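Asker: Next up, entry-v5.csv (CSV, C-alpha atoms (C1' of nucleotides)).
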```csv
chain,number,residue,atom,x,y,z
H,220,MET,CA,-26.5,-7.3,25.5
H,221,ARG,CA,-28.2,-8.2,22.3
H,222,MET,CA,-26.2,-9.8,19.6
H,223,THR,CA,-27.5,-8.1,16.5
H,224,ARG,CA,-26.3,-8.9,13.0
H,225,GLN,CA,-24.3,-5.7,12.9
H,226,ARG,CA,-22.6,-6.3,16.2
H,227,ARG,CA,-21.7,-9.9,15.4
H,228,ILE,CA,-20.2,-9.0,12.0
H,229,ILE,CA,-18.2,-6.1,13.5
H,230,LEU,CA,-16.8,-8.4,16.1
H,231,ASP,CA,-16.1,-11.1,13.5
H,232,GLU,CA,-14.3,-8.6,11.2
H,233,LEU,CA,-12.2,-7.3,14.0
H,234,ARG,CA,-11.2,-10.8,15.1
H,235,LYS,CA,-10.2,-11.6,11.6
H,236,THR,CA,-7.4,-9.1,11.5
H,237,LYS,CA,-4.3,-8.3,13.5
H,238,ASP,CA,-4.1,-4.8,12.1
H,239,HIS,CA,-5.6,-2.8,15.0
H,240,PRO,CA,-7.9,-1.1,12.5
H,241,THR,CA,-9.5,2.3,12.9
H,242,ALA,CA,-13.3,2.6,13.1
H,243,ASP,CA,-13.4,3.6,9.5
H,244,MET,CA,-11.3,0.7,8.2
H,245,LEU,CA,-13.6,-1.6,10.1
H,246,TYR,CA,-16.6,0.2,8.6
H,247,GLN,CA,-15.2,-0.5,5.1
H,248,SER,CA,-14.8,-4.3,5.7
H,249,VAL,CA,-18.1,-4.6,7.5
H,250,ARG,CA,-19.8,-2.9,4.6
H,251,ARG,CA,-18.9,-5.8,2.3
H,252,HIS,CA,-21.3,-7.9,4.4
H,253,LEU,CA,-23.9,-5.2,5.4
H,254,PRO,CA,-23.9,-2.6,2.7
H,255,ARG,CA,-26.4,-0.4,4.5
H,256,ILE,CA,-24.7,-0.2,7.9
H,257,SER,CA,-23.7,3.3,9.0
H,258,LEU,CA,-20.5,4.5,10.5
H,259,GLY,CA,-22.4,5.6,13.6
H,260,THR,CA,-23.5,2.1,14.2
H,261,VAL,CA,-19.9,0.9,14.0
H,262,TYR,CA,-18.8,3.4,16.5
H,263,ARG,CA,-21.6,2.6,18.9
H,264,ASN,CA,-20.9,-1.1,18.8
H,265,LEU,CA,-17.2,-0.8,19.2
H,266,GLU,CA,-17.9,1.3,22.3
H,267,ILE,CA,-20.4,-1.3,23.7
H,268,LEU,CA,-18.1,-4.2,22.9
H,269,ALA,CA,-15.2,-2.4,24.6
H,270,GLU,CA,-17.3,-1.7,27.7
H,271,ALA,CA,-18.2,-5.4,27.8
H,272,GLY,CA,-14.5,-6.3,27.7
H,273,MET,CA,-14.8,-8.2,24.5
H,274,ILE,CA,-12.5,-5.9,22.6
H,275,ARG,CA,-9.9,-3.3,23.5
H,276,LYS,CA,-9.9,0.3,22.5
H,277,LEU,CA,-6.4,1.7,21.8
H,278,GLU,CA,-5.7,5.4,21.9
H,279,PHE,CA,-2.1,5.2,20.9
H,280,GLY,CA,0.0,8.2,21.8
H,281,GLY,CA,0.8,10.2,18.7
H,282,ALA,CA,-2.1,8.8,16.7
H,283,SER,CA,-5.2,10.9,16.7
H,284,ARG,CA,-7.5,8.1,15.6
H,285,MET,CA,-8.8,5.4,17.8
H,286,ARG,CA,-7.8,1.8,17.1
H,287,PHE,CA,-9.4,-1.4,18.1
H,288,ASP,CA,-8.0,-4.8,19.1
H,289,ALA,CA,-9.8,-8.1,19.4
H,290,THR,CA,-7.1,-9.4,21.6
H,291,VAL,CA,-8.1,-8.6,25.2
H,292,SER,CA,-5.5,-10.5,27.1
H,293,ARG,CA,-2.5,-8.6,28.5
H,294,HIS,CA,-0.1,-7.6,25.8
H,295,SER,CA,1.7,-4.5,24.6
H,296,HIS,CA,2.2,-2.8,21.2
H,297,ILE,CA,4.9,-1.5,19.0
H,298,ARG,CA,4.2,1.1,16.5
H,299,CYS,CA,6.2,2.0,13.4
H,300,VAL,CA,7.0,5.7,13.3
H,301,ALA,CA,7.3,5.6,9.6
H,302,CYS,CA,4.1,3.9,8.4
H,303,GLY,CA,1.9,3.8,11.5
H,304,ARG,CA,1.7,0.0,11.6
H,305,ILE,CA,1.0,-1.4,15.0
H,306,ASP,CA,2.0,-4.9,16.1
H,307,ASP,CA,1.2,-6.9,19.2
H,308,PHE,CA,3.9,-8.4,21.4
H,309,PRO,CA,3.9,-10.1,24.8
H,310,LEU,CA,4.6,-8.1,27.9
H,311,ASP,CA,7.0,-9.7,30.4
H,312,PRO,CA,6.2,-8.3,33.8
H,313,ASP,CA,9.7,-9.1,35.0
H,314,LEU,CA,11.5,-7.1,32.4
H,315,ASN,CA,12.2,-3.4,32.6
H,316,PRO,CA,11.5,-1.5,29.4
H,317,GLU,CA,15.2,-1.1,28.5
H,318,GLU,CA,15.5,-4.8,28.3
H,319,TYR,CA,13.1,-5.3,25.4
H,320,THR,CA,15.4,-3.5,23.0
H,321,ALA,CA,16.8,-6.8,21.6
H,322,GLY,CA,14.5,-6.5,18.6
H,323,ILE,CA,10.8,-6.9,18.9
H,324,ASN,CA,9.2,-8.6,16.0
H,325,GLY,CA,12.0,-7.6,13.8
H,326,TYR,CA,11.5,-3.9,14.6
H,327,GLU,CA,14.3,-1.5,15.1
H,328,VAL,CA,13.3,-0.3,18.6
H,329,LEU,CA,13.7,3.5,18.9
H,330,GLY,CA,12.1,4.0,22.3
H,331,TYR,CA,9.1,3.5,24.5
H,332,ASN,CA,6.5,5.3,26.4
H,333,LEU,CA,5.6,4.3,30.0
H,334,GLU,CA,2.7,6.1,31.5
H,335,PHE,CA,0.9,5.3,34.7
H,336,TYR,CA,-2.6,5.9,35.8
H,337,GLY,CA,-4.3,5.8,39.1
H,338,ARG,CA,-6.1,8.1,41.5
H,339,CYS,CA,-4.5,11.3,42.7
H,340,PRO,CA,-4.5,12.2,46.4
H,341,ALA,CA,-7.5,14.5,46.2
H,342,CYS,CA,-9.7,12.0,44.3
H,343,LYS,CA,-8.6,9.2,46.5
H,344,ALA,CA,-9.8,11.1,49.5
H,345,LYS,CA,-13.0,12.1,47.9
H,346,VAL,CA,-14.3,8.7,46.6
H,347,LYS,CA,-13.1,6.4,49.3
U,164,MET,CA,13.2,31.0,14.6
U,165,ARG,CA,11.9,34.4,15.3
U,166,MET,CA,11.0,35.1,18.9
U,167,THR,CA,7.8,37.1,18.6
U,168,ARG,CA,6.0,38.5,21.5
U,169,GLN,CA,3.4,35.8,21.2
U,170,ARG,CA,5.8,33.0,21.0
U,171,ARG,CA,7.8,34.3,24.0
U,172,ILE,CA,4.7,34.7,26.2
U,173,ILE,CA,3.3,31.3,25.3
U,174,LEU,CA,6.6,29.7,26.3
U,175,ASP,CA,6.7,31.7,29.5
U,176,GLU,CA,3.2,30.7,30.5
U,177,LEU,CA,3.9,27.1,29.8
U,178,ARG,CA,7.0,27.2,31.9
U,179,LYS,CA,5.1,28.8,34.8
U,180,THR,CA,2.9,25.8,35.3
U,181,LYS,CA,3.3,22.1,36.1
U,182,ASP,CA,-0.2,21.4,34.9
U,183,HIS,CA,0.4,20.0,31.4
U,184,PRO,CA,-2.2,22.4,30.1
U,185,THR,CA,-4.2,21.9,26.9
U,186,ALA,CA,-3.9,24.5,24.1
U,187,ASP,CA,-7.0,26.1,25.2
U,188,MET,CA,-5.9,26.5,28.8
U,189,LEU,CA,-2.7,28.1,27.6
U,190,TYR,CA,-4.7,30.3,25.3
U,191,GLN,CA,-6.7,31.6,28.4
U,192,SER,CA,-3.6,32.4,30.4
U,193,VAL,CA,-1.7,34.0,27.4
U,194,ARG,CA,-4.8,36.2,26.8
U,195,ARG,CA,-4.2,37.9,30.1
U,196,HIS,CA,-1.1,39.3,28.5
U,197,LEU,CA,-2.1,39.6,24.9
U,198,PRO,CA,-5.8,40.0,24.7
U,199,ARG,CA,-6.0,39.9,20.9
U,200,ILE,CA,-4.0,36.7,20.4
U,201,SER,CA,-5.9,34.0,18.6
U,202,LEU,CA,-6.2,30.3,19.4
U,203,GLY,CA,-4.8,29.5,16.0
U,204,THR,CA,-1.6,31.3,16.9
U,205,VAL,CA,-1.3,29.4,20.1
U,206,TYR,CA,-1.5,26.1,18.2
U,207,ARG,CA,0.9,27.2,15.6
U,208,ASN,CA,3.5,28.2,18.1
U,209,LEU,CA,3.1,25.2,20.3
U,210,GLU,CA,3.8,23.1,17.2
U,211,ILE,CA,6.9,25.1,16.3
U,212,LEU,CA,8.2,25.1,19.8
U,213,ALA,CA,7.7,21.3,20.0
U,214,GLU,CA,9.5,20.8,16.7
U,215,ALA,CA,12.4,22.9,18.0
U,216,GLY,CA,12.6,20.6,21.0
U,217,MET,CA,11.8,23.5,23.4
U,218,ILE,CA,8.6,21.9,24.7
U,219,ARG,CA,7.0,18.5,24.7
U,220,LYS,CA,3.7,17.6,23.2
U,221,LEU,CA,1.8,14.9,25.1
U,222,GLU,CA,-0.9,12.8,23.5
U,223,PHE,CA,-1.9,10.9,26.6
U,224,GLY,CA,-3.8,7.7,25.9
U,225,GLY,CA,-7.4,8.1,26.8
U,226,ALA,CA,-7.3,11.9,26.6
U,227,SER,CA,-8.5,13.3,23.3
U,228,ARG,CA,-6.9,16.7,23.8
U,229,MET,CA,-3.2,17.4,23.4
U,230,ARG,CA,-1.3,18.6,26.3
U,231,PHE,CA,1.9,20.5,26.5
U,232,ASP,CA,4.9,20.2,28.8
U,233,ALA,CA,7.8,22.7,29.2
U,234,THR,CA,9.9,20.0,30.8
U,235,VAL,CA,11.8,18.4,28.0
U,236,SER,CA,14.1,16.2,30.0
U,237,ARG,CA,13.3,12.5,30.3
U,238,HIS,CA,10.5,11.8,32.7
U,239,SER,CA,7.2,10.0,32.9
U,240,HIS,CA,3.6,10.9,33.8
U,241,ILE,CA,0.9,9.7,35.9
U,242,ARG,CA,-2.7,10.6,35.2
U,243,CYS,CA,-5.7,10.5,37.5
U,244,VAL,CA,-8.5,8.5,36.0
U,245,ALA,CA,-11.0,10.4,38.1
U,246,CYS,CA,-10.1,14.1,37.4
U,247,GLY,CA,-7.7,13.9,34.5
U,248,ARG,CA,-4.9,15.6,36.4
U,249,ILE,CA,-1.4,14.7,35.1
U,250,ASP,CA,1.7,14.8,37.3
U,251,ASP,CA,5.4,14.4,36.4
U,252,PHE,CA,7.5,11.8,38.0
U,253,PRO,CA,11.1,10.6,37.4
U,254,LEU,CA,11.7,7.5,35.3
U,255,ASP,CA,14.2,5.0,36.7
U,256,PRO,CA,15.6,3.0,33.8
U,257,ASP,CA,16.6,0.2,36.1
U,258,LEU,CA,13.1,-0.4,37.4
U,259,ASN,CA,10.5,-2.5,35.7
U,260,PRO,CA,7.0,-1.0,35.7
U,261,GLU,CA,5.6,-3.3,38.3
U,262,GLU,CA,8.1,-1.9,40.8
U,263,TYR,CA,6.8,1.6,40.7
U,264,THR,CA,3.6,0.7,42.5
U,265,ALA,CA,4.8,1.8,45.8
U,266,GLY,CA,2.9,5.0,45.5
U,267,ILE,CA,3.9,7.6,43.0
U,268,ASN,CA,3.4,11.2,44.3
U,269,GLY,CA,0.7,10.0,46.7
U,270,TYR,CA,-1.3,8.4,43.9
U,271,GLU,CA,-3.0,5.1,44.2
U,272,VAL,CA,-1.5,3.4,41.2
U,273,LEU,CA,-4.0,1.4,39.2
U,274,GLY,CA,-1.8,0.4,36.3
U,275,TYR,CA,0.4,1.4,33.5
U,276,ASN,CA,0.7,1.6,29.8
U,277,LEU,CA,4.0,0.5,28.1
U,278,GLU,CA,4.2,1.1,24.4
U,279,PHE,CA,7.2,0.9,22.1
U,280,TYR,CA,7.9,2.6,18.9
U,281,GLY,CA,10.4,2.0,16.2
U,282,ARG,CA,10.7,1.0,12.6
U,283,CYS,CA,9.0,-2.0,11.3
U,284,PRO,CA,10.9,-4.5,9.1
U,285,ALA,CA,9.5,-3.2,5.9
U,286,CYS,CA,10.3,0.5,6.6
U,287,LYS,CA,13.7,-0.4,8.0
U,288,ALA,CA,14.5,-2.0,4.7
U,289,LYS,CA,13.1,0.9,2.7
U,290,VAL,CA,14.8,3.9,4.3
U,291,LYS,CA,18.2,2.4,5.2
O,247,DA,C1',-44.5,-6.5,23.7
O,248,DT,C1',-40.8,-3.7,24.5
O,249,DA,C1',-36.3,-2.3,25.5
O,250,DG,C1',-32.5,-1.9,22.8
O,251,DC,C1',-30.7,-1.1,18.3
O,252,DT,C1',-30.4,0.8,13.5
O,253,DG,C1',-29.7,4.2,9.5
O,254,DC,C1',-29.5,8.8,8.6
O,255,DA,C1',-28.0,13.2,8.9
O,256,DA,C1',-26.8,16.9,11.6
O,257,DA,C1',-24.0,18.5,15.4
O,258,DC,C1',-19.8,18.6,18.1
O,259,DG,C1',-15.2,20.0,19.4
O,260,DG,C1',-10.4,20.1,19.0
O,261,DT,C1',-7.2,21.3,15.5
O,262,DT,C1',-5.7,23.2,11.1
O,263,DT,C1',-5.6,26.4,7.3
O,264,DG,C1',-6.2,30.4,3.7
O,265,DC,C1',-5.7,35.0,3.6
O,266,DA,C1',-4.6,39.9,3.9
O,267,DA,C1',-2.3,42.8,7.1
O,268,DA,C1',1.3,43.6,10.5
O,269,DG,C1',5.8,42.7,12.6
O,270,DT,C1',10.6,40.9,12.9
O,271,DG,C1',15.4,40.8,11.9
V,38,DC,C1',13.2,45.0,2.6
V,39,DA,C1',12.1,40.1,2.5
V,40,DC,C1',10.0,36.9,4.8
V,41,DT,C1',7.7,35.2,8.8
V,42,DT,C1',4.0,35.5,11.7
V,43,DT,C1',-0.5,37.2,13.2
V,44,DG,C1',-5.7,37.5,13.8
V,45,DC,C1',-9.7,36.1,11.9
V,46,DA,C1',-12.9,33.0,10.3
V,47,DA,C1',-13.9,29.1,7.9
V,48,DA,C1',-12.8,24.5,7.0
V,49,DC,C1',-11.6,19.9,8.6
V,50,DC,C1',-12.3,15.4,10.3
V,51,DG,C1',-12.9,11.9,13.6
V,52,DT,C1',-16.5,11.0,16.7
V,53,DT,C1',-21.1,11.6,18.9
V,54,DT,C1',-26.0,12.2,19.0
V,55,DG,C1',-31.3,13.0,18.2
V,56,DC,C1',-34.7,10.8,16.0
V,57,DA,C1',-38.2,7.8,14.0
V,58,DG,C1',-38.6,3.3,12.6
V,59,DC,C1',-37.1,-1.6,13.2
V,60,DT,C1',-35.6,-6.1,15.7
V,61,DA,C1',-34.0,-9.4,19.0
V,62,DT,C1',-35.4,-11.6,22.9
```
Show me this structure written as structure tokens.
Answerer:
Amino acid sequence: MRMTRQRRIILDELRKTKDHPTADMLYQSVRRHLPRISLGTVYRNLEILAEAGMIRKLEFGGASRMRFDATVSRHSHIRCVACGRIDDFPLDPDLNPEEYTAGINGYEVLGYNLEFYGRCPACKAKVK
Amino acid sequence: MRMTRQRRIILDELRKTKDHPTADMLYQSVRRHLPRISLGTVYRNLEILAEAGMIRKLEFGGASRMRFDATVSRHSHIRCVACGRIDDFPLDPDLNPEEYTAGINGYEVLGYNLEFYGRCPACKAKVK
DNA sequence: ATAGCTGCAAACGGTTTGCAAAGTG
DNA sequence: CACTTTGCAAACCGTTTGCAGCTAT
């Protein structure tokens, strides 16, 4: 993977923030350094960086826009139902979800979503 | 809430399936009963039914399309990464996510997503 | 040198909406 | 009868893509 000016600055800008920005927010801040960059380039690079495992793509339930995260190590998120703000917080593999309720980052915890992914019986049979 | 023919049939069709259909899939099956219904009407009614708590709207991470579920009681989902199929399964509040791995519905479990929602410190202060 | 990347602008696809007519309670 | 809902079609909006020229390696 080439490290173009655009790619480098996109990555830098994402790493500067803890905000889990959308592609468009990132576009705005990258533009301060590269006024002629296009939104398409931002999308393309975010996709490539995510595939390379250098960033994470978040498709948070309830939010229609994609968000991006420069922290790739294992962690979870909490989202404010009122303002949409998303914060990181560490995931403890020994805790069940109910046990986190003792206030995460000062949030009033209202609930959680737990969803699994895997391979269904049919696809398991096919690919293996 | 009025129970129009359209609304009733949309609800019936959704209840008939365990497939977590998209709006468009539902539109196709409703059309067999009401050939002149429009996709816009399907969306409007799904929204209204969800607000009334009669159905659930799923915005599954990784899937760009909304899905709908006539089962409103507490349960979780598992999605096949290969074919996109989504199955229900019961949530046990005493288990931590790692402990579900012993095969859900015959799936090979690859991982899970756990995300919390609530009110952030700022919004908590504001609204209260 | 040359594959990969960029800016631009148009296309895409799921969802939403304005409107006049029809239907519900 | 008053008010909601419908069908239609166009608008919306975040994201993707085709293309011709540019750039990192």
Asker: Sort by chain and increasing residue number a table of all residues of chain H within 7 Å of chain U, each with its closest pair of atoms and their distance in Å to one decimal, counting only C-alpha atoms, and write it as a tab-separated table.
Answerer:
```
residue	atom	partner	partner_atom	distance
H:Glu278	CA	U:Gly224	CA	5.0
H:Phe279	CA	U:Gly224	CA	5.8
H:Gly280	CA	U:Glu222	CA	5.0
H:Gly281	CA	U:Glu222	CA	5.7
H:Ser295	CA	U:Glu278	CA	6.1
H:His296	CA	U:Glu278	CA	5.4
H:Ile297	CA	U:Phe279	CA	4.5
H:Arg298	CA	U:Tyr280	CA	4.7
H:Cys299	CA	U:Arg282	CA	4.7
H:Val300	CA	U:Gly281	CA	5.8
H:Ala301	CA	U:Arg282	CA	6.5
H:Pro312	CA	U:Glu261	CA	6.8
H:Asp313	CA	U:Asn259	CA	6.7
H:Leu314	CA	U:Asn259	CA	5.7
H:Asn315	CA	U:Asn259	CA	3.6
H:Pro316	CA	U:Asn259	CA	6.5
H:Glu317	CA	U:Pro256	CA	6.7
H:Gly325	CA	U:Pro284	CA	5.7
H:Tyr326	CA	U:Cys283	CA	4.6
H:Glu327	CA	U:Arg282	CA	5.0
H:Val328	CA	U:Gly281	CA	4.4
H:Leu329	CA	U:Gly281	CA	4.5
H:Gly330	CA	U:Tyr280	CA	5.6
H:Tyr331	CA	U:Phe279	CA	4.0
H:Asn332	CA	U:Glu278	CA	5.2
H:Leu333	CA	U:Leu277	CA	4.5
H:Glu334	CA	U:Asn276	CA	5.2
H:Phe335	CA	U:Tyr275	CA	4.1
H:Tyr336	CA	U:Arg242	CA	4.7
H:Gly337	CA	U:Val272	CA	4.2
H:Arg338	CA	U:Cys243	CA	4.7
H:Cys339	CA	U:Tyr270	CA	4.5
H:Pro340	CA	U:Tyr270	CA	5.6
H:Cys342	CA	U:Ala245	CA	6.5
```
Asker: Please dump the current selection as a short mmCIF file (atom, residue, chain, number, x, y, z; two decimals), in the frame of the given file; keep C-alpha atoms.
Answerer:
```cif
data_model
loop_
_atom_site.label_atom_id
_atom_site.label_comp_id
_atom_site.auth_asym_id
_atom_site.auth_seq_id
_atom_site.Cartn_x
_atom_site.Cartn_y
_atom_site.Cartn_z
CA GLU H 278 -5.70 5.40 21.90
CA PHE H 279 -2.10 5.20 20.90
CA GLY H 280 0.00 8.20 21.80
CA GLY H 281 0.80 10.20 18.70
CA SER H 295 1.70 -4.50 24.60
CA HIS H 296 2.20 -2.80 21.20
CA ILE H 297 4.90 -1.50 19.00
CA ARG H 298 4.20 1.10 16.50
CA CYS H 299 6.20 2.00 13.40
CA VAL H 300 7.00 5.70 13.30
CA ALA H 301 7.30 5.60 9.60
CA PRO H 312 6.20 -8.30 33.80
CA ASP H 313 9.70 -9.10 35.00
CA LEU H 314 11.50 -7.10 32.40
CA ASN H 315 12.20 -3.40 32.60
CA PRO H 316 11.50 -1.50 29.40
CA GLU H 317 15.20 -1.10 28.50
CA GLY H 325 12.00 -7.60 13.80
CA TYR H 326 11.50 -3.90 14.60
CA GLU H 327 14.30 -1.50 15.10
CA VAL H 328 13.30 -0.30 18.60
CA LEU H 329 13.70 3.50 18.90
CA GLY H 330 12.10 4.00 22.30
CA TYR H 331 9.10 3.50 24.50
CA ASN H 332 6.50 5.30 26.40
CA LEU H 333 5.60 4.30 30.00
CA GLU H 334 2.70 6.10 31.50
CA PHE H 335 0.90 5.30 34.70
CA TYR H 336 -2.60 5.90 35.80
CA GLY H 337 -4.30 5.80 39.10
CA ARG H 338 -6.10 8.10 41.50
CA CYS H 339 -4.50 11.30 42.70
CA PRO H 340 -4.50 12.20 46.40
CA CYS H 342 -9.70 12.00 44.30
#
```
Asker: How close is chain U to chain H in C-alpha RMSD after a least-squares fit, all Cα atoms in order?
Answerer: 0.2 Å
Asker: Output the contact residues of chain O with respect to chain H at a cut-off of 10 Å, based on all atoms listed in the file, as a list in words.
Answerer: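 In the required form, that comes to DG250, DC251, DT252, DG253 and DC254 of chain O.
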Asker: Tell me which of V:DC45, V:DC50, V:DA39, V:DA61 sits closest to chain U, counting all atoms listed in the file.
Answerer: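 When distances to chain U are compared using all atoms listed in the file, the smallest one comes from V:DC45.
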Asker: Quick one: pull the distance between CA of Ala186 (chain U) and C1' of DT52 (chain V), Å, one decimal.
Answerer: 19.9 Å
Asker: Specify as a PDB file with C-alpha atoms (C1' of nucleotides), in the coordinates of the input all residues of chain V found within 9 Å of chain U, counting all atoms listed in the file.
Answerer:
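Dumped everything to result-v1.pdb:
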```pdb
ATOM      1  C1'  DT V  41       7.700  35.200   8.800  1.00  0.00           C
ATOM      2  C1'  DT V  42       4.000  35.500  11.700  1.00  0.00           C
ATOM      3  C1'  DT V  43      -0.500  37.200  13.200  1.00  0.00           C
ATOM      4  C1'  DG V  44      -5.700  37.500  13.800  1.00  0.00           C
ATOM      5  C1'  DC V  45      -9.700  36.100  11.900  1.00  0.00           C
TER       6       DC V  45
END
```
Asker: Just give me the gap between C1' of DT248 (chain O) and CA of Tyr262 (chain H) in Å, one decimal is fine.
Answerer: 24.5 Å
Asker: Name all residues at most 10 Å from DT54 (chain V) (count all atoms listed in the file; drop same-chain ones fewer than 4 positions away) and give them as a list in words.
Answerer: Gly259 of chain H; DA256, DA257 and DC258 of chain O
Asker: CA of Phe287 (chain H) and CA of Asp243 (chain H), how far apart in Å?
Answerer: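 Computing it gives 10.7 Å between the two atoms.
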Asker: When you count only C-alpha atoms (C1' of nucleotides), which of these residues is closest to DC49 (chain V): O:DA249, O:DG271, O:DT261, O:DA266?
Answerer: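 Going through O:DA249, O:DG271, O:DT261, O:DA266 one by one, the smallest distance to DC49 (chain V) is for O:DT261.
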Asker: If we count only C-alpha atoms (C1' of nucleotides), what is near Leu189 (chain U) at a cut-off of 8 Å, once residues fewer than 4 positions away on the same chain are taken out, given as a list of chain:residue names?
Answerer: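 With the cut-off at 8 Å, the set is U:Ile173, U:Glu176, U:Leu177, U:Pro184, U:Thr185, U:Val193, U:Val205.
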Asker: Please give the centre and size of the box around region 310-325 of chain H (axis-aligned, containing every atom listed in the file, 4 Å added per side), with values in Å to one decimal and written as JSON.
Answerer:
```
{"center_x": 10.7, "center_y": -5.4, "center_z": 24.4, "size_x": 20.2, "size_y": 16.6, "size_z": 29.2}
```
